[in-house]
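A.B. asks: Structure supplied as start16.cif; contents: mmCIF, C-alpha atoms.
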```
data_final
loop_
_atom_site.label_atom_id
_atom_site.label_comp_id
_atom_site.auth_asym_id
_atom_site.auth_seq_id
_atom_site.Cartn_x
_atom_site.Cartn_y
_atom_site.Cartn_z
CA MET X 1484 107.69 119.45 104.23
CA LYS X 1485 105.78 116.88 106.29
CA ARG X 1486 102.45 118.31 105.16
CA ILE X 1487 103.52 118.09 101.53
CA LEU X 1488 104.57 114.46 101.95
CA CYS X 1489 101.32 113.66 103.76
CA ALA X 1490 99.37 115.28 100.93
CA LEU X 1491 101.38 113.29 98.37
CA LEU X 1492 100.72 110.11 100.31
CA GLY X 1493 97.02 110.91 100.33
CA LEU X 1494 97.08 111.42 96.57
CA VAL X 1495 98.98 108.18 96.01
CA LEU X 1496 96.52 106.29 98.21
CA LEU X 1497 93.50 107.91 96.59
CA CYS X 1498 94.69 107.29 93.04
CA GLY X 1499 96.13 103.87 93.67
CA CYS X 1500 93.23 102.35 95.58
CA ALA X 1501 90.16 103.06 93.50
CA SER X 1502 89.44 99.54 92.31
CA ALA X 1503 87.07 97.16 94.08
CA GLN X 1504 89.67 94.39 94.12
CA ALA X 1505 91.85 93.64 97.13
CA GLN X 1506 94.49 96.33 97.56
CA PRO X 1507 97.93 94.71 97.33
CA GLU X 1508 99.87 97.67 98.74
CA MET X 1509 98.15 97.75 102.14
CA VAL X 1510 97.38 95.56 105.10
CA ARG X 1511 94.63 96.73 107.46
CA LEU X 1512 93.64 96.18 111.08
CA HIS X 1513 90.02 95.71 112.13
CA VAL X 1514 89.01 95.37 115.79
CA VAL X 1515 85.33 94.63 116.45
CA ALA X 1516 83.85 95.21 119.92
CA ALA X 1517 81.49 92.72 121.55
CA ASP X 1518 78.77 95.39 121.78
CA ASP X 1519 78.40 99.13 122.20
CA SER X 1520 78.57 99.26 125.99
CA PRO X 1521 81.24 101.56 127.44
CA GLN X 1522 83.11 98.52 128.82
CA ALA X 1523 83.13 96.73 125.46
CA GLN X 1524 84.27 99.86 123.64
CA ALA X 1525 87.08 100.38 126.18
CA LEU X 1526 88.20 96.77 125.75
CA LYS X 1527 88.19 97.21 121.97
CA LEU X 1528 90.63 100.12 122.32
CA GLU X 1529 92.83 98.14 124.72
CA LEU X 1530 93.06 95.27 122.24
CA ARG X 1531 93.72 97.73 119.43
CA ASP X 1532 96.72 98.97 121.42
CA VAL X 1533 97.91 95.38 121.95
CA CYS X 1534 97.68 94.72 118.20
CA LEU X 1535 99.52 97.93 117.34
CA ARG X 1536 102.36 97.13 119.76
CA CYS X 1537 102.63 93.59 118.36
CA ALA X 1538 102.52 94.87 114.78
CA GLU X 1539 105.23 97.42 115.50
CA VAL X 1540 107.58 94.58 116.42
CA CYS X 1541 106.32 92.07 113.85
CA LEU X 1542 106.22 94.43 110.86
CA SER X 1543 109.04 96.85 111.68
CA ASP X 1544 111.27 95.88 108.78
CA ALA X 1545 108.75 94.35 106.38
CA LYS X 1546 109.79 95.23 102.83
CA ASP X 1547 106.30 95.27 101.32
CA ALA X 1548 102.65 94.51 102.01
CA ASP X 1549 103.01 90.88 100.94
CA GLU X 1550 105.74 90.30 103.50
CA ALA X 1551 103.78 92.19 106.16
CA TYR X 1552 100.69 90.07 105.53
CA ALA X 1553 102.70 86.83 105.57
CA ARG X 1554 104.19 87.83 108.92
CA LEU X 1555 100.73 88.54 110.33
CA GLN X 1556 99.59 85.11 109.19
CA ASN X 1557 102.65 83.44 110.73
CA HIS X 1558 102.20 85.28 114.02
CA LEU X 1559 98.41 85.11 114.20
CA PRO X 1560 98.49 82.86 117.31
CA ASP X 1561 100.77 85.41 119.00
CA PHE X 1562 98.37 88.28 118.26
CA GLU X 1563 95.43 86.26 119.53
CA ALA X 1564 97.27 85.14 122.68
CA ALA X 1565 98.35 88.71 123.46
CA CYS X 1566 94.77 89.96 123.03
CA ILE X 1567 93.35 87.17 125.19
CA ALA X 1568 95.95 87.80 127.91
CA ARG X 1569 95.13 91.52 128.03
CA ALA X 1570 91.38 90.88 128.00
CA ARG X 1571 91.75 88.45 130.92
CA GLU X 1572 93.84 91.02 132.84
CA LEU X 1573 90.93 93.42 132.41
CA GLY X 1574 88.35 90.87 133.57
CA PHE X 1575 86.84 89.88 130.21
CA ASP X 1576 86.44 86.11 129.96
CA GLY X 1577 84.56 85.92 126.66
CA GLU X 1578 85.82 84.75 123.30
CA ILE X 1579 88.53 86.64 121.40
CA ARG X 1580 89.18 85.59 117.78
CA ALA X 1581 92.02 86.78 115.58
CA GLU X 1582 92.00 85.98 111.89
CA THR X 1583 93.59 87.11 108.67
CA GLY X 1584 91.79 87.35 105.37
CA THR X 1585 90.38 89.74 102.81
CA PHE X 1586 87.59 91.88 104.24
CA ASP X 1587 85.42 94.81 103.18
CA PHE X 1588 86.35 98.20 104.63
CA PRO X 1589 84.54 101.54 104.43
CA ASP X 1590 86.10 104.85 103.36
CA ARG X 1591 88.46 106.11 106.06
CA ILE X 1592 90.60 109.20 106.48
CA TYR X 1593 93.91 108.97 108.33
CA GLY X 1594 95.38 112.41 108.75
CA SER X 1595 95.48 113.76 105.21
CA ALA X 1596 95.34 110.31 103.59
CA LYS X 1597 91.99 108.99 102.33
CA VAL X 1598 91.75 105.24 102.00
CA PRO X 1599 88.69 104.38 99.90
CA ALA X 1600 86.22 101.61 100.63
CA GLY X 1601 87.13 98.25 99.22
CA GLU X 1602 88.49 94.82 99.96
CA TYR X 1603 91.77 94.73 101.88
CA ARG X 1604 93.94 92.05 103.39
CA ALA X 1605 93.71 92.46 107.13
CA LEU X 1606 94.16 91.22 110.64
CA ARG X 1607 90.72 91.15 112.27
CA VAL X 1608 90.18 90.76 116.01
CA THR X 1609 86.61 90.02 117.07
CA ILE X 1610 85.63 90.33 120.71
CA GLY X 1611 82.72 88.18 121.88
CA ALA X 1612 79.76 88.40 119.50
CA GLY X 1613 81.40 91.18 117.50
CA ALA X 1614 78.19 93.22 117.52
CA GLY X 1615 79.70 96.56 118.53
CA HIS X 1616 81.33 99.48 116.80
CA ASN X 1617 84.59 98.80 114.95
CA TRP X 1618 88.04 100.33 114.86
CA TRP X 1619 89.98 100.37 111.58
CA CYS X 1620 93.43 101.44 110.48
CA VAL X 1621 96.19 100.61 108.01
CA LEU X 1622 98.92 98.46 109.55
CA TYR X 1623 101.15 98.49 106.49
CA PRO X 1624 102.24 101.07 105.67
CA SER X 1625 101.39 102.32 109.14
CA LEU X 1626 98.65 104.92 109.11
CA CYS X 1627 97.29 103.97 112.53
CA LEU X 1628 96.53 106.97 114.69
CA ILE X 1629 95.51 106.01 118.20
CA ASP X 1630 93.84 109.34 118.96
CA GLU X 1631 91.00 109.87 116.48
CA ALA X 1632 91.34 113.62 117.11
CA ASP X 1633 94.84 113.37 115.61
CA ALA X 1634 93.32 111.98 112.44
CA ALA X 1635 91.14 115.03 112.02
CA SER X 1636 93.96 117.47 112.70
CA SER X 1637 95.70 119.15 109.78
CA ASP X 1638 98.90 118.79 111.79
CA ALA X 1639 98.51 115.01 112.06
CA PRO X 1640 101.96 113.41 112.16
CA CYS X 1641 103.37 111.46 109.26
CA TYR X 1642 105.26 108.51 110.60
CA SER X 1643 108.71 107.64 109.29
CA ARG X 1644 107.56 104.26 107.91
CA VAL X 1645 104.91 106.01 105.86
CA LEU X 1646 107.44 108.50 104.57
CA ASN X 1647 109.85 105.69 103.71
CA TRP X 1648 107.06 103.82 101.92
CA LEU X 1649 106.15 106.93 99.94
CA ARG X 1650 109.79 107.63 99.08
CA ASP X 1651 110.20 104.05 97.82
CA ARG X 1652 107.07 104.37 95.66
CA LEU X 1653 108.21 107.70 94.21
CA GLU X 1654 111.69 106.31 93.49
CA ALA X 1655 110.11 103.32 91.73
CA LEU X 1656 108.32 105.73 89.38
CA LYS X 1657 111.61 107.25 88.20
#
```
Please render this file's structure as structure tokens.
C.D. replies:
Amino acid sequence: MKRILCALLGLVLLCGCASAQAQPEMVRLHVVAADDSPQAQALKLELRDVCLRCAEVCLSDAKDADEAYARLQNHLPDFEAACIARARELGFDGEIRAETGTFDFPDRIYGSAKVPAGEYRALRVTIGAGAGHNWWCVLYPSLCLIDEADAASSDAPCYSRVLNWLRDRLEALK
């Protein structure tokens, strides 16, 4: 049953996100490393985890993407402060910037869901010069998989928020 729902979610995302305009049903996360050194890449993943924990609390009962995005905007200083605090704990004393806006994203696959390239509203965290490899995911509805190997697995989990989001969309079509 979970695989069927994941496949349906993938179809909904694929069919519903083909335009080049900003996608109103999703809010993304983008974390940009300072550079491609092993230390910078490790810090990027640490700050990704901070953002995901903060988003879990901040967005847990958001009713739609507009509300989720508004909450991110309202709590932007909290996200930035949490990222800075964690970076300092790990010995990084460079600049950390958090911002919200509409940004370009490449094609990405999350489990069985393909999210096409396009402009998406997002929370972006840039570490230092922001010249390193990036990490992307969908914060709302949550399609963030921390282990990239999970994303490639056919048994990748579908999270309850995603299933609830899909159920709501299917009920709206009735």
A.B. asks: Have a look at CA of Tyr1552 (chain X) and CA of Arg1604 (chain X) and let me know their distance in Å, one decimal.
C.D. replies: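 Interatomic distance, CA of Tyr1552 (chain X) to CA of Arg1604 (chain X): 7.4 Å.
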A.B. asks: Kindly resolve the PyMOL selection byres ((chain X and resi 1617) around 7) on the present coordinates and return the residues as a PyMOL selection string.
C.D. replies: chain X and resi 1513-1516+1615-1616+1618-1619
A.B. asks: Using only C-alpha atoms for the distances, tell me which of X:Cys1541, X:Tyr1603, X:Ala1523, X:Ala1548 is nearest to Glu1508 (chain X).
C.D. replies: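 Residue with the minimum atom-to-atom distance to Glu1508 (chain X): X:Ala1548.
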A.B. asks: So how many Å separate CA of His1558 (chain X) and CA of Leu1528 (chain X), to one decimal?
C.D. replies: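 These atoms are spaced 20.6 Å apart.
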A.B. asks: If we count only C-alpha atoms and set the cut-off at 9 Å, which residues sit around Glu1529 (chain X), ignoring sequence neighbours fewer than 4 positions away in its own chain? Please answer as a list of chain:residue names.
C.D. replies: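 Result of the neighbour search: X:Gln1524, X:Ala1525, X:Val1533, X:Cys1534, X:Cys1566, X:Arg1569, X:Ala1570.
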A.B. asks: Around the point (102.4, 86.9, 102.3) (coordinates from the file), which residues reach within 12 Å if we count all atoms listed in the file? Answer as a list in words.
C.D. replies: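 Here the neighbourhood of the point contains Pro1507, Glu1508, Met1509, Val1510, Ala1545, Lys1546, Asp1547, Ala1548, Asp1549, Glu1550, Ala1551, Tyr1552, Ala1553, Arg1554, Leu1555, Gln1556, Asn1557, His1558, Thr1583, Gly1584, Arg1604 and Ala1605 of chain X.
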A.B. asks: So how many Å separate CA of Cys1620 (chain X) and CA of Asp1587 (chain X), to one decimal?
C.D. replies: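 One can read the CA of Cys1620 (chain X) to CA of Asp1587 (chain X) distance as 12.7 Å.
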A.B. asks: In terms of the shortest atom-to-atom distance over all atoms listed in the file, which of X:Ser1543, X:Ser1595, X:Ser1625, X:Thr1609 is closest to Ile1579 (chain X)?
C.D. replies: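 Of X:Ser1543, X:Ser1595, X:Ser1625, X:Thr1609, the one nearest Ile1579 (chain X) is X:Thr1609, counting all atoms listed in the file.
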A.B. asks: Taking all atoms listed in the file into account, name the residue in X:Val1598, X:Leu1535, X:Leu1526, X:Leu1559 that is nearest to Leu1573 (chain X).
C.D. replies: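 Between X:Val1598, X:Leu1535, X:Leu1526, X:Leu1559, the residue approaching Leu1573 (chain X) most closely is X:Leu1526.
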A.B. asks: Return the single residue from X:Leu1622, X:Ala1581, X:Val1540, X:Ile1610 that is closest to Lys1527 (chain X), with distances computed using all atoms listed in the file.
C.D. replies: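 Looking at the shortest contact to Lys1527 (chain X), the residue is X:Ile1610.
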